[in-house]
>>> print(open('coords34.csv').read())   # CSV, C-alpha atoms
chain,number,residue,atom,x,y,z
A,1,MET,CA,-15.8,11.6,-50.1
A,2,LYS,CA,-17.2,14.2,-47.7
A,3,HIS,CA,-18.8,11.5,-45.5
A,4,TRP,CA,-15.5,9.6,-45.5
A,5,ARG,CA,-13.6,12.6,-44.1
A,6,THR,CA,-16.3,13.1,-41.4
A,7,LEU,CA,-16.1,9.4,-40.5
A,8,SER,CA,-12.3,9.5,-40.4
A,9,CYS,CA,-12.3,12.5,-38.1
A,10,GLY,CA,-14.8,10.8,-35.8
A,11,ILE,CA,-12.7,7.6,-35.7
A,12,LEU,CA,-9.5,9.6,-34.9
A,13,THR,CA,-11.3,11.5,-32.2
A,14,VAL,CA,-12.4,8.2,-30.5
A,15,ILE,CA,-8.9,6.7,-30.8
A,16,ALA,CA,-7.3,9.8,-29.3
A,17,GLY,CA,-9.7,9.7,-26.5
A,18,CYS,CA,-9.1,6.0,-25.8
A,19,ALA,CA,-5.3,6.5,-25.8
A,20,SER,CA,-5.6,8.7,-22.6
A,21,TRP,CA,-8.5,6.8,-21.0
A,22,ARG,CA,-8.0,3.9,-18.6
A,23,PRO,CA,-10.5,2.3,-16.4
A,24,SER,CA,-10.6,3.5,-12.8
A,25,ASN,CA,-11.0,-0.1,-11.5
A,26,GLY,CA,-7.4,-1.1,-11.5
A,27,PRO,CA,-5.9,-4.3,-10.0
A,28,LEU,CA,-5.0,-2.7,-6.7
A,29,ASN,CA,-8.5,-1.4,-5.8
A,30,ASP,CA,-8.8,-4.3,-3.3
A,31,PHE,CA,-6.2,-2.4,-1.2
A,32,ALA,CA,-8.1,0.9,-1.1
A,33,PHE,CA,-8.8,0.3,2.6
A,34,LEU,CA,-5.3,1.4,3.3
A,35,GLU,CA,-5.6,4.8,1.5
A,36,GLY,CA,-5.2,7.8,3.7
A,37,THR,CA,-3.0,9.2,6.5
A,38,TRP,CA,-2.8,7.1,9.6
A,39,ALA,CA,-1.0,8.0,12.8
A,40,GLN,CA,-0.4,6.7,16.3
A,41,THR,CA,0.9,9.2,18.9
A,42,THR,CA,2.4,8.1,22.2
A,43,SER,CA,4.3,10.1,24.8
A,44,ARG,CA,7.5,9.0,23.1
A,45,ALA,CA,6.8,9.3,19.4
A,46,THR,CA,4.4,9.6,16.5
A,47,THR,CA,4.3,6.9,14.0
A,48,GLU,CA,2.5,7.4,10.7
A,49,GLU,CA,1.8,5.8,7.4
A,50,VAL,CA,0.5,7.6,4.4
A,51,TRP,CA,-1.0,5.5,1.5
A,52,LYS,CA,-2.1,6.8,-1.9
A,53,LEU,CA,-4.0,4.8,-4.4
A,54,ASN,CA,-3.8,6.0,-8.0
A,55,GLU,CA,-7.1,4.8,-9.6
A,56,GLY,CA,-6.3,1.3,-8.6
A,57,TRP,CA,-3.2,1.2,-10.8
A,58,SER,CA,-0.5,1.9,-8.2
A,59,MET,CA,-0.4,1.9,-4.4
A,60,ARG,CA,2.4,3.9,-2.8
A,61,GLY,CA,3.1,4.8,0.8
A,62,VAL,CA,5.6,6.1,3.3
A,63,GLY,CA,6.0,5.1,6.9
A,64,ARG,CA,7.9,7.3,9.4
A,65,THR,CA,8.4,7.8,13.1
A,66,LEU,CA,8.9,11.2,14.7
A,67,GLN,CA,10.4,11.9,18.1
A,68,GLY,CA,9.6,15.5,18.8
A,69,GLU,CA,10.5,17.3,15.6
A,70,HIS,CA,13.1,14.8,14.5
A,71,GLU,CA,12.4,12.0,12.0
A,72,VAL,CA,14.1,8.9,13.4
A,73,PHE,CA,12.7,6.3,10.9
A,74,ARG,CA,11.5,6.3,7.3
A,75,GLU,CA,10.5,3.7,4.8
A,76,ILE,CA,9.1,3.8,1.3
A,77,LEU,CA,6.2,1.3,0.8
A,78,SER,CA,4.3,0.0,-2.2
A,79,ILE,CA,1.9,-2.8,-3.1
A,80,GLU,CA,2.6,-4.1,-6.6
A,81,PRO,CA,0.9,-6.7,-8.9
A,82,ARG,CA,3.3,-9.6,-9.7
A,83,GLY,CA,1.8,-12.1,-12.1
A,84,LYS,CA,-1.4,-13.4,-10.5
A,85,ASN,CA,-0.4,-12.2,-7.0
A,86,TYR,CA,0.7,-9.1,-5.2
A,87,VAL,CA,3.8,-8.1,-3.2
A,88,TYR,CA,4.3,-5.5,-0.4
A,89,VAL,CA,7.6,-3.8,-0.9
A,90,ALA,CA,9.4,-2.0,1.9
A,91,GLU,CA,12.5,0.1,1.2
A,92,LEU,CA,14.7,1.6,3.9
A,93,PRO,CA,17.2,4.3,3.0
A,94,GLY,CA,20.4,2.8,1.7
A,95,ALA,CA,19.0,-0.8,1.6
A,96,ALA,CA,17.7,-3.0,-1.1
A,97,PRO,CA,13.9,-3.3,-1.3
A,98,VAL,CA,12.4,-6.2,0.6
A,99,GLU,CA,9.3,-8.0,-0.8
A,100,PHE,CA,6.5,-9.8,1.1
A,101,LYS,CA,4.1,-11.9,-0.9
A,102,LEU,CA,0.4,-11.6,-0.3
A,103,VAL,CA,-0.7,-14.8,1.4
A,104,ASP,CA,-4.3,-13.9,2.4
A,105,ARG,CA,-6.7,-11.0,2.3
A,106,GLY,CA,-10.3,-10.0,3.0
A,107,LEU,CA,-12.5,-7.0,2.4
A,108,GLU,CA,-10.5,-4.7,4.8
A,109,TRP,CA,-7.4,-6.7,5.6
A,110,ALA,CA,-4.3,-8.2,4.0
A,111,ARG,CA,-1.4,-10.4,5.2
A,112,PHE,CA,2.0,-10.5,3.5
A,113,GLU,CA,4.9,-12.9,4.3
A,114,ASN,CA,8.5,-13.4,3.5
A,115,PRO,CA,9.9,-16.3,5.5
A,116,ASP,CA,13.5,-15.6,4.3
A,117,HIS,CA,13.6,-12.1,5.7
A,118,ASP,CA,15.4,-11.5,9.1
A,119,PHE,CA,12.6,-9.5,10.7
A,120,PRO,CA,9.7,-9.2,10.2
A,121,GLN,CA,8.6,-12.2,8.3
A,122,ARG,CA,4.9,-11.2,8.3
A,123,ILE,CA,3.1,-7.9,7.9
A,124,GLU,CA,-0.6,-7.6,8.4
A,125,TYR,CA,-3.0,-4.7,8.1
A,126,ARG,CA,-6.6,-4.8,9.4
A,127,ARG,CA,-8.9,-1.8,9.1
A,128,ASN,CA,-12.0,-1.2,11.2
A,129,GLY,CA,-13.7,2.2,10.3
A,130,ASN,CA,-11.2,5.0,11.3
A,131,SER,CA,-8.8,2.5,12.8
A,132,LEU,CA,-6.0,0.6,11.1
A,133,ARG,CA,-4.0,-2.1,12.9
A,134,ALA,CA,-0.6,-2.9,11.6
A,135,GLU,CA,1.1,-6.0,12.9
A,136,VAL,CA,4.7,-7.1,12.1
A,137,SER,CA,5.8,-10.4,13.4
A,138,GLY,CA,8.3,-13.2,13.1
A,139,VAL,CA,11.4,-14.6,14.7
A,140,ASP,CA,14.2,-12.3,15.6
A,141,ASN,CA,17.5,-13.7,17.0
A,142,GLY,CA,15.7,-17.0,17.8
A,143,ARG,CA,12.8,-15.3,19.7
A,144,THR,CA,9.3,-14.8,18.4
A,145,GLN,CA,8.5,-11.1,18.2
A,146,ARG,CA,5.4,-9.1,17.5
A,147,GLU,CA,4.9,-5.4,17.2
A,148,ILE,CA,1.4,-3.8,16.9
A,149,ILE,CA,0.6,-0.3,15.8
A,150,GLU,CA,-2.9,1.0,16.3
A,151,TYR,CA,-3.3,3.8,13.9
A,152,ARG,CA,-6.2,6.3,13.7
A,153,ARG,CA,-7.2,8.0,10.5
A,154,VAL,CA,-5.8,11.6,10.3
A,155,ALA,CA,-6.9,12.4,6.8
A,156,LYS,CA,-8.4,10.7,3.8
A,157,HIS,CA,-6.9,11.4,0.4
>>> encode(input="coords34.csv", output="structure tokens")
Amino acid sequence: MKHWRTLSCGILTVIAGCASWRPSNGPLNDFAFLEGTWAQTTSRATTEEVWKLNEGWSMRGVGRTLQGEHEVFREILSIEPRGKNYVYVAELPGAAPVEFKLVDRGLEWARFENPDHDFPQRIEYRRNGNSLRAEVSGVDNGRTQREIIEYRRVAKH
């Protein structure tokens, strides 16, 4: 009986430990190249994106533009697993979230698309060392548009 109690205690300790443990290699680790604080500063404004990866299980970000000390634009961002694919979700204040489906990716880049969205229909990120290039493109009012932001790493999380 004494051995049974010792075994039972050991099993309960292992089970309790497993309940709080989760592997650090979650499904979003392929997007770790985005993690950090990225900024582009021009004479008119500073545009930045801050991305945080939570052990590969969630990818959250915020994008904003500052003119002087005033925030003139803000969006909440995330990358989420959906079935066997991933979606990039952008949410502006007071608006419904907009989803862009992952259509292609590589080691340090990813492309998301939503052909039904007004503008943009495509969002692409490409990292090269301490540089991150964000490109949004699509058709806006019948004209093909493309905006490119060349970010530099400000901080790593």
>>> closest_atom_pairs(input="coords34.csv", of="segment 114-157 of chain A", to="segment 48-56 of chain A", cutoff="12 Å", atoms="all atoms listed in the file", output="Markdown table")
| residue | atom | partner | partner_atom | distance |
| --- | --- | --- | --- | --- |
| A:Tyr125 | CA | A:Glu49 | CA | 11.6 |
| A:Leu132 | CA | A:Glu49 | CA | 10.1 |
| A:Arg133 | CA | A:Glu49 | CA | 11.2 |
| A:Ala134 | CA | A:Glu49 | CA | 10.0 |
| A:Ile149 | CA | A:Glu48 | CA | 9.4 |
| A:Glu150 | CA | A:Glu48 | CA | 10.1 |
| A:Tyr151 | CA | A:Glu48 | CA | 7.5 |
| A:Arg152 | CA | A:Glu48 | CA | 9.3 |
| A:Arg153 | CA | A:Glu48 | CA | 9.7 |
| A:Val154 | CA | A:Glu48 | CA | 9.3 |
| A:Ala155 | CA | A:Val50 | CA | 9.1 |
| A:Lys156 | CA | A:Trp51 | CA | 9.3 |
| A:His157 | CA | A:Lys52 | CA | 7.0 |
>>> write_last_selection(input="coords34.csv", atoms="C-alpha atoms", output="JSON list (two decimals), in the coordinates of the input")
[["chain", "number", "residue", "atom", "x", "y", "z"],
["A", 125, "TYR", "CA", -3.00, -4.70, 8.10],
["A", 132, "LEU", "CA", -6.00, 0.60, 11.10],
["A", 133, "ARG", "CA", -4.00, -2.10, 12.90],
["A", 134, "ALA", "CA", -0.60, -2.90, 11.60],
["A", 149, "ILE", "CA", 0.60, -0.30, 15.80],
["A", 150, "GLU", "CA", -2.90, 1.00, 16.30],
["A", 151, "TYR", "CA", -3.30, 3.80, 13.90],
["A", 152, "ARG", "CA", -6.20, 6.30, 13.70],
["A", 153, "ARG", "CA", -7.20, 8.00, 10.50],
["A", 154, "VAL", "CA", -5.80, 11.60, 10.30],
["A", 155, "ALA", "CA", -6.90, 12.40, 6.80],
["A", 156, "LYS", "CA", -8.40, 10.70, 3.80],
["A", 157, "HIS", "CA", -6.90, 11.40, 0.40]]
>>> atom_distance(input="coords34.csv", atom1="atom CA of Glu135 of chain A", atom2="atom CA of Glu113 of chain A")
11.7 Å
>>> closest_residue(input="coords34.csv", among="A:Ala32, A:Arg44, A:Gly106, A:Pro115", to="Met59 of chain A", atoms="only C-alpha atoms")
A:Ala32
>>> closest_residue(input="coords34.csv", among="A:Glu75, A:Asp140, A:Glu147, A:Glu80", to="Ala96 of chain A", atoms="all atoms listed in the file")
A:Glu75
>>> residues_around(input="coords34.csv", residues="Phe33 of chain A", least_positions_apart="5", cutoff="9 Å", atoms="all atoms listed in the file", output="PyMOL selection string")
chain A and resi 107-109+126-127+132
>>> atom_distance(input="coords34.csv", atom1="atom CA of Lys101 of chain A", atom2="atom CA of Thr41 of chain A")
29.1 Å
>>> residues_near_point(input="coords34.csv", point="(5.5, 10.7, 7.0)", cutoff="12 Å", atoms="only C-alpha atoms", output="compact mmCIF listing (two decimals) with C-alpha atoms, in the frame of the given file")
# COMPACT_ATOMS: atom_id res chain seq x y z
CA GLY A 36 -5.20 7.80 3.70
CA THR A 37 -3.00 9.20 6.50
CA TRP A 38 -2.80 7.10 9.60
CA ALA A 39 -1.00 8.00 12.80
CA GLN A 40 -0.40 6.70 16.30
CA THR A 46 4.40 9.60 16.50
CA THR A 47 4.30 6.90 14.00
CA GLU A 48 2.50 7.40 10.70
CA GLU A 49 1.80 5.80 7.40
CA VAL A 50 0.50 7.60 4.40
CA TRP A 51 -1.00 5.50 1.50
CA GLY A 61 3.10 4.80 0.80
CA VAL A 62 5.60 6.10 3.30
CA GLY A 63 6.00 5.10 6.90
CA ARG A 64 7.90 7.30 9.40
CA THR A 65 8.40 7.80 13.10
CA LEU A 66 8.90 11.20 14.70
CA GLU A 69 10.50 17.30 15.60
CA HIS A 70 13.10 14.80 14.50
CA GLU A 71 12.40 12.00 12.00
CA VAL A 72 14.10 8.90 13.40
CA PHE A 73 12.70 6.30 10.90
CA ARG A 74 11.50 6.30 7.30
CA GLU A 75 10.50 3.70 4.80
CA ILE A 76 9.10 3.80 1.30
CA LEU A 77 6.20 1.30 0.80
CA VAL A 154 -5.80 11.60 10.30
>>> closest_residue(input="coords34.csv", among="A:Gly94, A:Gly129, A:Pro81, A:Gly68", to="Asn29 of chain A", atoms="only C-alpha atoms")
A:Pro81
>>> atom_distance(input="coords34.csv", atom1="atom CA of Arg122 of chain A", atom2="atom CA of Asn25 of chain A")
27.7 Å
